[in-house]
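A.B. asks: Got target-v9.txt for you, compact mmCIF, C-alpha atoms and all ligand atoms:
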# COMPACT_ATOMS: atom_id res chain seq x y z
CA MET A 1 107.94 166.57 114.79
CA ASP A 2 105.59 168.88 116.75
CA SER A 3 103.23 171.61 115.49
CA THR A 4 106.09 174.11 115.25
CA GLY A 5 108.11 171.76 113.06
CA LYS A 6 110.61 171.01 115.80
CA LEU A 7 112.13 167.53 115.60
CA TYR A 8 112.68 165.22 118.57
CA CYS A 9 114.93 162.26 119.21
CA ALA A 10 113.37 158.81 118.63
CA TRP A 11 115.42 157.31 121.48
CA CYS A 12 115.06 159.80 124.33
CA GLY A 13 112.60 162.44 123.14
CA GLY A 14 115.18 165.20 123.43
CA PRO A 15 115.15 168.10 120.95
CA LEU A 16 117.18 167.65 117.77
CA GLU A 17 119.45 170.33 116.42
CA ARG A 18 121.41 170.41 113.19
CA LYS A 19 125.12 170.33 113.98
CA LEU A 20 128.31 169.47 112.20
CA ALA A 21 128.87 165.74 112.76
CA GLN A 22 130.93 163.30 110.68
CA GLY A 23 131.49 165.89 107.98
CA GLU A 24 127.83 166.92 107.43
CA TYR A 25 125.21 169.01 109.20
CA ARG A 26 123.16 166.29 110.84
CA LEU A 27 120.28 166.13 113.32
CA CYS A 28 121.91 165.65 116.71
CA CYS A 29 120.04 165.04 119.97
CA GLN A 30 120.58 167.68 122.64
CA GLY A 31 119.75 165.05 125.28
CA CYS A 32 121.52 161.77 124.48
CA GLY A 33 123.83 163.01 121.74
CA ARG A 34 122.75 160.40 119.16
CA ILE A 35 122.60 161.36 115.49
CA SER A 36 119.26 160.88 113.69
CA TYR A 37 120.39 159.98 110.18
CA GLU A 38 118.20 161.17 107.33
CA ASN A 39 117.77 158.77 104.42
CA PRO A 40 115.96 159.12 101.11
CA ILE A 41 112.50 157.63 100.68
CA THR A 42 112.24 154.91 98.03
CA GLY A 43 109.89 155.66 95.15
CA VAL A 44 108.72 153.39 92.34
CA ALA A 45 107.33 154.44 88.98
CA GLY A 46 105.69 152.25 86.34
CA ILE A 47 106.19 152.75 82.62
CA ILE A 48 103.10 151.51 80.78
CA LEU A 49 103.37 151.62 76.98
CA SER A 50 100.34 150.97 74.79
CA PRO A 51 100.64 148.54 71.86
CA ALA A 52 100.88 151.67 69.66
CA GLY A 53 103.87 152.92 71.67
CA GLU A 54 102.24 155.65 73.73
CA ILE A 55 103.07 156.19 77.40
CA LEU A 56 100.50 156.36 80.20
CA LEU A 57 100.84 159.50 82.32
CA GLY A 58 98.86 160.69 85.34
CA ARG A 59 97.82 164.24 86.15
CA ARG A 60 98.65 165.14 89.74
CA ALA A 61 95.59 165.89 91.83
CA GLY A 62 94.92 168.89 94.07
CA GLY A 63 97.02 168.98 97.21
CA GLU A 64 99.86 166.96 95.67
CA THR A 65 103.32 168.26 94.84
CA MET A 66 103.25 169.83 91.36
CA GLU A 67 99.45 169.80 91.26
CA GLY A 68 98.01 169.78 87.73
CA LYS A 69 101.24 168.66 86.08
CA TRP A 70 101.78 165.17 84.71
CA CYS A 71 104.04 162.32 85.77
CA ILE A 72 104.80 158.70 85.16
CA PRO A 73 102.53 156.97 87.74
CA CYS A 74 104.53 156.54 90.93
CA GLY A 75 104.46 156.23 94.68
CA HIS A 76 106.45 155.41 97.79
CA VAL A 77 107.43 151.96 98.98
CA GLU A 78 106.03 151.32 102.44
CA TYR A 79 108.11 149.96 105.29
CA ASN A 80 108.19 146.13 105.12
CA GLU A 81 106.73 146.17 101.60
CA ASP A 82 108.43 144.41 98.69
CA ILE A 83 109.50 146.92 96.04
CA ARG A 84 107.68 145.14 93.17
CA GLN A 85 104.57 144.70 95.29
CA ALA A 86 104.69 148.44 95.96
CA LEU A 87 104.83 149.10 92.23
CA VAL A 88 101.86 146.80 91.53
CA ARG A 89 99.86 148.44 94.34
CA GLU A 90 100.65 152.00 93.27
CA MET A 91 99.81 151.32 89.63
CA TRP A 92 96.50 149.76 90.64
CA GLU A 93 95.64 152.66 92.95
CA GLU A 94 96.60 155.38 90.47
CA THR A 95 95.76 153.98 87.03
CA GLY A 96 93.29 151.11 87.55
CA PHE A 97 95.63 148.69 85.78
CA TRP A 98 97.16 145.55 87.25
CA VAL A 99 100.70 145.32 85.95
CA ASN A 100 103.58 142.89 85.88
CA PRO A 101 106.93 144.52 86.61
CA VAL A 102 108.99 143.36 83.60
CA SER A 103 112.39 144.91 84.31
CA VAL A 104 114.09 147.84 85.97
CA TYR A 105 114.46 150.53 83.31
CA THR A 106 116.51 153.08 85.23
CA ALA A 107 117.03 154.77 88.62
CA TYR A 108 117.59 158.37 89.69
CA SER A 109 117.86 160.46 92.83
CA ASN A 110 115.00 162.97 93.07
CA PHE A 111 115.85 166.33 94.59
CA HIS A 112 112.78 168.19 93.35
CA GLU A 113 111.22 168.39 96.82
CA PRO A 114 113.68 170.04 99.22
CA GLN A 115 111.98 168.40 102.23
CA VAL A 116 111.81 164.91 100.74
CA HIS A 117 114.82 163.48 98.99
CA SER A 118 113.82 160.25 97.27
CA THR A 119 115.46 157.45 95.30
CA GLY A 120 113.31 156.59 92.32
CA ILE A 121 113.27 153.32 90.40
CA TRP A 122 111.45 153.19 87.05
CA PHE A 123 110.16 149.80 85.92
CA LEU A 124 109.01 148.72 82.49
CA THR A 125 105.66 147.05 83.09
CA GLU A 126 103.02 145.18 81.13
CA ILE A 127 99.30 145.36 81.77
CA CYS A 128 97.76 142.09 82.97
CA GLY A 129 94.32 143.28 84.06
CA GLY A 130 92.08 146.10 85.18
CA CYS A 131 91.02 149.09 83.13
CA CYS A 132 92.09 152.70 82.86
CA ARG A 133 90.73 154.92 85.67
CA SER A 134 92.43 157.55 87.77
CA GLY A 135 92.57 157.27 91.53
CA ASP A 136 94.43 158.16 94.70
CA ASP A 137 96.58 161.27 94.10
CA ILE A 138 95.99 161.27 90.32
CA SER A 139 93.00 163.11 88.82
CA GLU A 140 93.30 161.93 85.21
CA VAL A 141 95.24 159.26 83.28
CA ARG A 142 95.90 159.35 79.54
CA PHE A 143 98.22 157.91 76.93
CA PHE A 144 100.58 160.33 75.16
CA THR A 145 102.95 160.14 72.21
CA GLY A 146 106.48 161.48 72.56
CA GLY A 147 105.77 164.41 70.28
CA CYS A 148 102.66 165.52 72.17
CA LEU A 149 103.59 165.46 75.85
CA PRO A 150 101.85 167.54 78.55
CA GLU A 151 103.74 169.63 81.10
CA LEU A 152 105.75 167.20 83.22
CA ALA A 153 106.05 167.53 86.99
CA PHE A 154 109.49 166.00 87.52
CA VAL A 155 112.82 166.49 85.82
CA THR A 156 113.73 162.83 86.28
CA ASP A 157 110.56 161.70 84.43
CA ARG A 158 111.74 163.94 81.59
CA LEU A 159 115.07 162.06 81.49
CA VAL A 160 113.27 158.72 81.45
CA ILE A 161 110.95 159.80 78.64
CA GLU A 162 113.87 161.22 76.66
CA ARG A 163 115.58 157.84 76.81
CA LEU A 164 112.38 156.02 75.77
CA ARG A 165 112.22 158.31 72.74
CA GLN A 166 115.88 157.78 71.86
CA GLU A 167 115.39 154.01 72.06
CA ASN A 168 112.27 154.25 69.89
CA LEU A 169 110.14 152.66 72.60
CA LEU A 170 107.93 155.76 72.64
CA LYS A 171 106.15 156.71 69.42
CA GLU A 172 106.64 160.29 68.14
ZN ZN A 201 118.21 161.49 122.33
Show me this structure written as structure tokens.
C.D. replies:
Amino acid sequence: MDSTGKLYCAWCGGPLERKLAQGEYRLCCQGCGRISYENPITGVAGIILSPAGEILLGRRAGGETMEGKWCIPCGHVEYNEDIRQALVREMWEETGFWVNPVSVYTAYSNFHEPQVHSTGIWFLTEICGGCCRSGDDISEVRFFTGGCLPELAFVTDRLVIERLRQENLLKE
């Protein structure tokens, strides 16, 4: 992409234009004719529950999507990075806790950012070290009960938290 937002072909450098191809409007190269397929980014989110049954949420820092609102700590998996390693890294960067990914809790497609479609995977985790401190794109981290939640940034986090409440994993 250049400064005007124009996209270029990764193979030949030709300009890309959205055209009907294989049933969808896709980015097609004006030079070589190849299609640049767009795929969702993979996101991971870590559910940390305190022994009392509260959930750890992070407040999104300035400059981030949904600044000032709260989310289950999360981040993107990097290319060539193992998905569980990405979770451990993101949780360390954002919350100060080292966690063990215990199990996959659920998965959703995130459409909240029109420019970035992501596939999110929520893991149940347990703390194995570190201590609570906010970092990276999170300005504050705190534990919340189900009955006293702050304003949430993402609709999919709301679905996850609703299920935790229904399953009595999150204290009211
Ligand atoms: Zn091309």
A.B. asks: Output the neighbourhood of ligand ZN 201 (chain A) as a PyMOL selection string, that is, all protein and nucleic acid residues with some atom at most 10 Å from the ligand, counting only C-alpha atoms and all ligand atoms.
C.D. replies: chain A and resi 8-16+28-36
A.B. asks: Which of these residues is nearest to Arg133 in chain A, using all atoms listed in the file: A:Gly147, A:Gly43, A:Gly96, A:Pro101?
C.D. replies: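 Answer, going by the shortest atom-to-atom distance: A:Gly96.
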A.B. asks: Nearest to Thr156 in chain A among A:Met66, A:Leu169, A:Cys71, A:Cys128, with distances taken over all atoms listed in the file: which residue is it?
C.D. replies: A:Cys71
A.B. asks: Looking at A:Leu56, A:Val116, A:Val88, A:Leu124, which one is nearest to Val102 in chain A, with distances taken over only C-alpha atoms?
C.D. replies: A:Leu124
A.B. asks: To one decimal place in Å, what is the distance between CA of Glu38 in chain A and CA of Asn80 in chain A?
C.D. replies: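 Taking CA of Glu38 in chain A as the start and CA of Asn80 in chain A as the end point, the length is 18.2 Å.
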A.B. asks: Would you pick out the contacts of Glu162 in chain A at 12 Å or less, using all atoms listed in the file, so that residues sharing its chain but fewer than 3 positions from it are not included, and give the list as JSON, numbers by chain?
C.D. replies: {"A": [55, 145, 146, 147, 149, 155, 156, 157, 158, 159, 165, 166, 167, 168, 169, 170, 171, 172]}
A.B. asks: If I take CA of Ala45 in chain A and CA of Glu90 in chain A, how far is one from the other in Å, to one decimal?
C.D. replies: 8.3 Å
A.B. asks: Residues around (103.1, 152.3, 100.2), cut-off 8 Å, counting all atoms listed in the file - what are they as a list in words?
C.D. replies: Gly75, His76, Val77, Glu78, Tyr79, Glu81, Ala86, Arg89 and Glu90 of chain A
